[in-house]
Amino acid sequence: MREQLVAYFGAHHKLVEAGALRLILDTSQPLDLSRRLIETAGVDSPFVTLEMVESELRRRAGAARAEVVARARALAPAPTVASPPYELLVEGFTPPTAREPLGAYTALFASRFRALSRMLRGRPELAGLRPVSELRRAEGTAAVIAMVREVRQTPEKHHLILTVEDETGATEMLVPRDTAPAKLTYLPDEVVGLVVALPREHDRIPRVVAVQRPEVPASRPVGRARERRRALFLSDLHIGSRSFLDGPWGSLLDFLNEKSVRPELAREITHVVIAGDLVDGIGIYPNQERDLAIGDVFEQYEELGRRLRELPRRLNVIVLPGNHDAVCPAEPQPGLPEEFRAKLPENVRSVGNPSTFALDGVVVSAYHGRGFDDLIPALPGASYARPTEVMKRMLSMRHLAPIYGGRTPLAPLARDGLVLDPAPDILVTGHAHTYGVDQYRGVLLLNASTWQAETEYQRMRNITPVPARAAVVDLTDCSVESFDFLSREPAGEGRAA
Ligand SMILES: [Fe+2]
Ligand SMILES: [Fe+2]
């Protein structure tokens with residue numbers, strides 16, 4: 001975690017004092033605190049000092065936590081300890097403020113812009129950076145960091161016109177047809193860095209010559225477990241659906257109880273992550289009641305509790321909600337309400353959607369994946385059959401669901417919890433009901449299948465599920481073994497590093 005934090009501050013052009021770092025590491029959510037410190041330090045100060053950390057901790061915790069500060073101060077140089085088995089780092093959801101909704105959306109977009117522009121600022125490729133309002137005063141080439149507001153095509157020549165904005169104003173930009181920037185797809189509400197050429201005639205609009213995305217840094221320290229530990233990734237159980245795959249779930253239990261293939265591997269599994277759509281819910285889509293075996297949402301969670309009690313009790317199980325769960329659908333979603341959480345066994349932790357946590361030092365970002373519903377139609381060639389291709393785009397723009405006003409409802413929170421910061425070691429999603437394993441710039445990508453067979457509704461929408469698959473990740477090197485529990489003899493599908 002120490003190296004990751006130093007790199008995290010480095011990526012935001014901040015140097016962190018040794019004492020400040022020790023104190024940050026001594027808190028329960030070091031990454032969350034670090035992000036807050038970067039936000040409050042502003043662009044002008046390159047340092048994060050012990051005083052800044054202390055004042056932030058005092059602000060957060062009030063007098064009650066002052067003793068934590070005193071304790072941390074009394075600490076000798078931090079001993080190197082193994083990572084804790086499980087640590088929640090950042091939850092996307094933050095409790096809403098009392099602001100009226102319109103103002104809150106302004107705050108949400110301002111938060112997104114700040115968080116993503118910090119990742120772009122300072123790049124040599126974006127030399128001559130200036131605010132949008134001052135762009136037309138520049139000559140030759142310049143650069144801006146801006147949020148894409150609108151993309152349209154000119155009727156005759158099919159050039160692209162982008163309307164982009166930052167906190168100083170908005171402007172149009174031309175992306176000439178057949179140039180490299182015209183081959184990219186620009187999504188509404190994503191944040192990009194643009195290198196532009198400025199025409200001499202002031203009535204002509206700036207021309208985009210190069211584009212930078214926030215991106216996953218090319219080199220960064222990775223988190224790896226020191227001892228052999230494995231994590232199992234599942235998603236979309238849809239408990240309560242008539243199409244729940246009872247037989248394959250039984251095969252999964254046999255596997256986890258070391259009564260099936262690869263018992264030596266099953267024994268090393270210590271964590272299970274379930275990426276949302278835990279239950280099928282009620283009234284999620286038209287005529288859903290026809291597809292339900294359990295028509296009451298409380299009973300669905302009771303059944304979920306029974307199913308999860310069948311897993312070995314030694315497992316640390318992390319569950320997040322999806323769009324079928326009994327949580328407000330606007331993203332980021334909070335964890336399950338207590339009345340439902342109480343129905344689950346003790347070894348299950350309920351976190352919000354999305355959440356970032358560390359499993360034996362490996363940083364995992366888990367997101368259910370509703371954002372696919374807007375990204376897939378917007379990205380040429382994208383499909384539910386290949387969700388990891390869309391996940392690459394999420395990592396490149398460092399945002400899970402940027403498009404506002406589409407099918408993914410966004411919660412008007414003061415902090416944009418869908419910004420992907422820090423870049424994780426593993427990004428896992430569900431929702432697509434397909435299975436995918438891939439890599440992007442050192443990040444392992446998983447789409448964790450489903451335990452629901454095809455429903456009539458999916459047939460209508462032309463979605464072919466790939467159910468009853470599970471990914472087992474070796475946390476010492478992030479290699480993956482895939483298992484197919486649909487066939488009677490569960491088949492491991494070999495390793496993909
Ligand atoms: Fe689902
Ligand atoms: Fe879903």
# chains A, B, ... in the order shown; residues from 1 in each chain; ligands from 1
>>> select_by_dssp(residues="segment 346-375 of chain A", states="alpha helix (DSSP H)", output="list of chain:residue names")
A:Phe372, A:Asp373, A:Asp374, A:Leu375
>>> write_last_selection(atoms="N, CA and C atoms", output="PDB file, in the first residue's frame")
ATOM      1  N   PHE A 372     -22.790  -0.199 -19.187  1.00  0.00           N
ATOM      2  CA  PHE A 372     -22.729  -0.872 -20.497  1.00  0.00           C
ATOM      3  C   PHE A 372     -23.930  -0.492 -21.368  1.00  0.00           C
ATOM      4  N   ASP A 373     -25.084  -0.282 -20.722  1.00  0.00           N
ATOM      5  CA  ASP A 373     -26.311  -0.023 -21.488  1.00  0.00           C
ATOM      6  C   ASP A 373     -26.231   1.279 -22.279  1.00  0.00           C
ATOM      7  N   ASP A 374     -25.391   2.208 -21.816  1.00  0.00           N
ATOM      8  CA  ASP A 374     -25.195   3.450 -22.569  1.00  0.00           C
ATOM      9  C   ASP A 374     -23.938   3.399 -23.427  1.00  0.00           C
ATOM     10  N   LEU A 375     -22.910   2.716 -22.926  1.00  0.00           N
ATOM     11  CA  LEU A 375     -21.634   2.709 -23.664  1.00  0.00           C
ATOM     12  C   LEU A 375     -21.712   1.815 -24.903  1.00  0.00           C
TER      13      LEU A 375
END
>>> residues_near_ligand(ligand="ligand 2", cutoff="9 Å", atoms="only C-alpha atoms and all ligand atoms", output="NGL selection string")
:A and (236 or 276-277 or 321-325 or 368-370 or 430-433)
>>> write_last_selection(atoms="C-alpha atoms", output="PDB file, in the first residue's frame")
ATOM      1  CA  ASP A 236     -25.621 -11.773 -11.426  1.00  0.00           C
ATOM      2  CA  GLY A 276     -24.357  -7.296  -8.324  1.00  0.00           C
ATOM      3  CA  ASP A 277     -27.835  -8.443  -9.343  1.00  0.00           C
ATOM      4  CA  PRO A 321     -25.867  -4.375  -5.550  1.00  0.00           C
ATOM      5  CA  GLY A 322     -26.905  -4.173  -9.189  1.00  0.00           C
ATOM      6  CA  ASN A 323     -29.889  -2.724 -11.007  1.00  0.00           C
ATOM      7  CA  HIS A 324     -32.075  -5.681  -9.924  1.00  0.00           C
ATOM      8  CA  ASP A 325     -31.340  -5.234  -6.215  1.00  0.00           C
ATOM      9  CA  HIS A 368     -22.047  -3.935 -11.570  1.00  0.00           C
ATOM     10  CA  GLY A 369     -21.973  -2.525 -15.103  1.00  0.00           C
ATOM     11  CA  ARG A 370     -25.210  -0.690 -15.836  1.00  0.00           C
ATOM     12  CA  GLY A 430     -21.257  -8.147 -14.358  1.00  0.00           C
ATOM     13  CA  HIS A 431     -24.598  -7.085 -15.860  1.00  0.00           C
ATOM     14  CA  ALA A 432     -23.717  -8.261 -19.390  1.00  0.00           C
ATOM     15  CA  HIS A 433     -24.443 -11.900 -18.394  1.00  0.00           C
TER      16      HIS A 433
END
>>> select_by_dssp(residues="segment 49-234 of chain A", states="strand (DSSP E)", output="count of residues only")
53
>>> residues_around(residues="segment 150-163 of chain A", least_positions_apart="3", cutoff="10 Å", atoms="only C-alpha atoms", output="PDB file with C-alpha atoms, in the first residue's frame")
ATOM      1  CA  ALA A 146     -12.410  19.925 -21.262  1.00  0.00           C
ATOM      2  CA  MET A 147     -15.590  17.944 -20.891  1.00  0.00           C
ATOM      3  CA  ALA A 170     -17.595  26.470 -23.761  1.00  0.00           C
ATOM      4  CA  THR A 171     -16.386  26.407 -27.340  1.00  0.00           C
ATOM      5  CA  GLU A 172     -16.753  24.443 -30.539  1.00  0.00           C
ATOM      6  CA  MET A 173     -13.888  22.481 -32.070  1.00  0.00           C
ATOM      7  CA  LEU A 174     -13.488  20.995 -35.510  1.00  0.00           C
ATOM      8  CA  VAL A 175     -12.245  17.433 -35.975  1.00  0.00           C
ATOM      9  CA  PRO A 176     -11.539  17.204 -39.714  1.00  0.00           C
ATOM     10  CA  ARG A 177     -12.666  14.031 -41.441  1.00  0.00           C
ATOM     11  CA  ASP A 178      -9.930  11.437 -42.207  1.00  0.00           C
ATOM     12  CA  THR A 179      -7.539  12.741 -39.530  1.00  0.00           C
ATOM     13  CA  PRO A 181      -8.602  12.358 -34.072  1.00  0.00           C
ATOM     14  CA  ALA A 182     -11.636  11.712 -36.314  1.00  0.00           C
ATOM     15  CA  THR A 185     -15.231   8.151 -30.553  1.00  0.00           C
ATOM     16  CA  TYR A 186     -16.074  11.074 -28.276  1.00  0.00           C
ATOM     17  CA  LEU A 187     -18.605  10.365 -25.576  1.00  0.00           C
ATOM     18  CA  PRO A 188     -20.818  13.030 -24.081  1.00  0.00           C
ATOM     19  CA  ASP A 189     -19.614  14.061 -20.598  1.00  0.00           C
ATOM     20  CA  ILE A 205     -13.061  27.406 -34.965  1.00  0.00           C
ATOM     21  CA  ARG A 207      -9.029  22.358 -35.012  1.00  0.00           C
ATOM     22  CA  VAL A 208      -8.266  19.246 -32.932  1.00  0.00           C
TER      23      VAL A 208
END
>>> residues_around(residues="Ala414 of chain A", least_positions_apart="4", cutoff="9 Å", atoms="only C-alpha atoms", output="ChimeraX atom specification")
/A:94,96-97,104-111
>>> residues_around(residues="Leu311 of chain A", least_positions_apart="2", cutoff="10 Å", atoms="only C-alpha atoms", output="compact mmCIF listing (two decimals) with C-alpha atoms, in the first residue's frame")
# COMPACT_ATOMS: atom_id res chain seq x y z
CA LEU A 252 -19.93 -24.64 -7.76
CA LEU A 253 -20.57 -25.60 -4.12
CA ASP A 254 -18.97 -29.01 -4.66
CA LEU A 256 -15.64 -24.81 -3.25
CA ASN A 257 -16.05 -27.65 -0.76
CA VAL A 272 -15.48 -14.34 -3.18
CA ARG A 306 -29.60 -19.50 2.38
CA ARG A 307 -27.54 -19.86 -0.80
CA LEU A 308 -24.61 -17.91 0.63
CA ARG A 309 -24.71 -20.02 3.82
CA ARG A 313 -17.78 -20.27 6.18
CA ARG A 314 -14.05 -19.50 5.97
CA LEU A 315 -14.63 -17.37 2.84
CA VAL A 317 -17.63 -12.78 0.66
CA PRO A 345 -24.47 -14.68 6.85
CA ASN A 347 -18.96 -13.62 6.57
>>> residues_around(residues="Val195 of chain A", least_positions_apart="5", cutoff="8 Å", atoms="only C-alpha atoms", output="list in words")
Glu125, Leu126, Thr141, Ala142, Ala143, Val144, Val208, Val209, Ala210 and Val211 of chain A
>>> write_last_selection(atoms="C-alpha atoms", output="PDB file, in the first residue's frame")
ATOM      1  CA  GLU A 125       1.769  16.305 -24.747  1.00  0.00           C
ATOM      2  CA  LEU A 126      -0.551  19.015 -23.444  1.00  0.00           C
ATOM      3  CA  THR A 141      -1.112  25.427 -31.161  1.00  0.00           C
ATOM      4  CA  ALA A 142      -2.464  25.214 -27.647  1.00  0.00           C
ATOM      5  CA  ALA A 143      -4.079  22.623 -25.405  1.00  0.00           C
ATOM      6  CA  VAL A 144      -7.208  22.435 -23.279  1.00  0.00           C
ATOM      7  CA  VAL A 208      -8.266  19.246 -32.932  1.00  0.00           C
ATOM      8  CA  VAL A 209      -4.893  17.727 -33.830  1.00  0.00           C
ATOM      9  CA  ALA A 210      -4.355  15.246 -30.960  1.00  0.00           C
ATOM     10  CA  VAL A 211      -6.326  13.768 -28.091  1.00  0.00           C
TER      11      VAL A 211
END
>>> residues_around(residues="Arg121 of chain A", least_positions_apart="5", cutoff="12 Å", atoms="only C-alpha atoms", output="PyMOL selection string")
chain A and resi 11-13+43+113-116+126-131+143-146+191-194+212-214
>>> atom_distance(atom1="atom CA of Val390 of chain A", atom2="atom CA of Ile403 of chain A")
13.7 Å
>>> closest_residue(among="A:Phe93, A:Tyr285, A:Tyr440, A:Tyr301", to="Thr356 of chain A", atoms="only C-alpha atoms")
A:Phe93
>>> closest_residue(among="A:Arg459, A:His238, A:Arg59, A:Arg22", to="ligand 1", atoms="only C-alpha atoms and all ligand atoms")
A:His238
>>> closest_residue(among="A:Pro422, A:Pro95, A:Val164, A:Pro334", to="Pro30 of chain A", atoms="only C-alpha atoms")
A:Pro422
>>> closest_residue(among="A:Ser133, A:Ser243, A:Ser487, A:Gln4", to="Val222 of chain A", atoms="only C-alpha atoms")
A:Gln4
>>> closest_residue(among="A:Asp438, A:Asp280, A:Asp474, A:Asp484", to="Ala225 of chain A", atoms="only C-alpha atoms")
A:Asp474
>>> closest_residue(among="A:Gly103, A:Gly19, A:Pro387, A:Pro377", to="Leu50 of chain A", atoms="only C-alpha atoms")
A:Gly19
>>> atom_distance(atom1="atom CA of Gly295 of chain A", atom2="atom CA of Ala326 of chain A")
13.3 Å
